[in-house]
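What follows is a set of notes on a single structure, which appears directly below.
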Amino acid sequence: MIENRVKVAVRVRPFLPHDCERLDGKRFQHYLETCPEKGQLIALENYCFTFDTVFPLDASQEDVFNTSVYPLLENYFSGCNATVFAYGQTGSGKTYTIGTCDPTLLEDYHHGIIPQAVRAIFKRKQDIENINSSSELVVMVSHLEIYREELFDLLNPSMIKDLSVRDNENGATIVKGIHKIRCSNYEQVLECLRNGSASRHTGSTLMNAHSSRSHSIFTIYLEDNSGVRRQD
Ligand code: ADP
Ligand code: MG
């Protein structure tokens with residue numbers, strides 16, 4: 001079990017050409033230095049902030065996944081909710097890190113957090129089913145967008161007005177009416193992710209004031225139907 005329920009990791013993306021223009025000739029280190037061994041960020045050579053994890057600038061998508069997300073899978077497979085939340089200014093690298101970019105735009109797409117998590121989930125599911133042939137784990141996904149405080153079902157874009165946030169009988173917060181799609185493999189989940197991402201109000205490359213008003217939640221549900229009696 002994970003001790004702390006919430007952990008904060010900071011990833012500083014590498015320089016892009018337009019950053020250099022803004023830096024006005026100064027070195028990047030004048031503004032921000034990462035100190036991964038101490039989990040610290042040093043801003044303006046003076047202000048130090050400590051987090052659970054600070055990734056070095058050259059951290060790979062695999063480093064980020066293995067350190068910050070893979071450990072959540074154990075709890076996930078024992079029935080707990082696990083959430084990965086990417087927070088940051090537009091252009092800071094959320095979409096890249098989470099892996100919801102348009103695959104035609106970005107080669108690294110298949111290495112973002114969601115694609116890696118999906119691969120790990122199906123591998124573990126397969127391992128469980130190999131050990132216990134009567135186990136029946138079902139994977140379903142949903143993709144929700146919150147845009148200007150309104151909810152949109154990205155996997156069922158025509159039904160845009162019928163969603164509402166509710167507490168269910170177990171006290172969990174759910175989105176009533178959201179469409180869940182059952183998926184049997186990695187490709188099917190990624191197709192849902194691609195389709196949902198394409199239906200969002202802002203594209204991943206659109207850097208304007210509106211993009212910060214669009215938030216999306218991709219949920220991967222794992223249901224254990226092993227004990228459920230079949231109807232057929
Ligand atoms: P956000 O979703 O936070 O607005 P993006 O994920 O779209 O930001 O990233 C902005 C730009 O930076 C994109 O061109 C993306 O490819 C690039 N980028 C982000 N993180 C990295 C990284 N770790 N390595 C290389 N390029 C990155
Ligand atoms: Mg984005």
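Each chain in the structure tokens gets a letter, A, B, ..., in the order shown, and its residues are numbered from 1; ligands are numbered from 1 in order too.
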
Query raised in the report: Within 7 Å of ligand 2, counting only C-alpha atoms and all ligand atoms: which residues, as a list of chain:residue names?
Result: A:Thr90, A:Gly91, A:Gly93, A:Lys94, A:Thr95, A:Ser204

Report task. From the DSSP assignment of the backbone, select every residue of segment 51-203 of chain A that is strand (DSSP E), and format the answer as a list in words. Result ->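 Strand (DSSP E) assignments inside segment 51-203 of chain A correspond to Thr53, Val54, Phe55, Leu137, Val138, Val139, Met140, Val141, Ser142, His143, Leu144, Glu145, Ile146, Tyr147, Glu150, Leu151, Phe152, Asp153, Ser164, Val165, Arg166, Asp167, Thr173, Ile174, Val175, Lys176, Ile181, Arg182 and Cys183 of chain A.
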
Would you mind exporting the chosen residues as a PDB file, in the first residue's frame, restricted to C-alpha atoms?
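The resulting file, out-v7.pdb, is shown below:
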```
ATOM      1  CA  THR A  53       9.853  14.084  -6.791  1.00  0.00           C
ATOM      2  CA  VAL A  54      11.589  16.510  -9.116  1.00  0.00           C
ATOM      3  CA  PHE A  55      12.534  15.049 -12.469  1.00  0.00           C
ATOM      4  CA  LEU A 137     -11.454  -8.833 -15.434  1.00  0.00           C
ATOM      5  CA  VAL A 138     -13.216  -6.296 -17.625  1.00  0.00           C
ATOM      6  CA  VAL A 139     -11.683  -3.007 -18.762  1.00  0.00           C
ATOM      7  CA  MET A 140     -13.915  -0.064 -19.676  1.00  0.00           C
ATOM      8  CA  VAL A 141     -13.079   3.536 -20.431  1.00  0.00           C
ATOM      9  CA  SER A 142     -14.800   6.905 -20.405  1.00  0.00           C
ATOM     10  CA  HIS A 143     -13.583  10.314 -21.493  1.00  0.00           C
ATOM     11  CA  LEU A 144     -15.069  13.469 -20.017  1.00  0.00           C
ATOM     12  CA  GLU A 145     -14.385  17.080 -20.809  1.00  0.00           C
ATOM     13  CA  ILE A 146     -15.114  19.974 -18.480  1.00  0.00           C
ATOM     14  CA  TYR A 147     -15.295  23.131 -20.511  1.00  0.00           C
ATOM     15  CA  GLU A 150     -20.054  22.235 -18.442  1.00  0.00           C
ATOM     16  CA  LEU A 151     -19.619  18.482 -18.867  1.00  0.00           C
ATOM     17  CA  PHE A 152     -19.173  16.858 -22.276  1.00  0.00           C
ATOM     18  CA  ASP A 153     -19.016  13.146 -22.973  1.00  0.00           C
ATOM     19  CA  SER A 164     -24.495  15.256 -14.030  1.00  0.00           C
ATOM     20  CA  VAL A 165     -22.119  14.788 -11.114  1.00  0.00           C
ATOM     21  CA  ARG A 166     -23.627  12.705  -8.277  1.00  0.00           C
ATOM     22  CA  ASP A 167     -22.587  10.729  -5.217  1.00  0.00           C
ATOM     23  CA  THR A 173     -18.487  10.768  -6.838  1.00  0.00           C
ATOM     24  CA  ILE A 174     -19.656   9.629 -10.267  1.00  0.00           C
ATOM     25  CA  VAL A 175     -20.733  11.228 -13.528  1.00  0.00           C
ATOM     26  CA  LYS A 176     -24.237   9.955 -14.132  1.00  0.00           C
ATOM     27  CA  ILE A 181     -16.769   1.595 -23.683  1.00  0.00           C
ATOM     28  CA  ARG A 182     -15.593  -1.945 -23.010  1.00  0.00           C
ATOM     29  CA  CYS A 183     -12.098  -2.573 -24.392  1.00  0.00           C
TER      30      CYS A 183
END
```

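With distances restricted to only C-alpha atoms, A:Cys80 is the closest residue to Ala172 of chain A from A:Cys80, A:Ala59, A:Val69, A:Ile220.
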
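Take the candidates A:Ser135, A:Tyr47, A:Leu155, A:Phe65 and check each one against Asn225 of chain A using only C-alpha atoms; the shortest distance goes to A:Ser135.
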
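Atom to atom, atom CA of Asp52 of chain A and atom CA of Thr34 of chain A stand 13.0 Å apart.
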
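Across the model, the gap from atom CA of Ile42 of chain A to atom CA of Arg213 of chain A is 29.1 Å.
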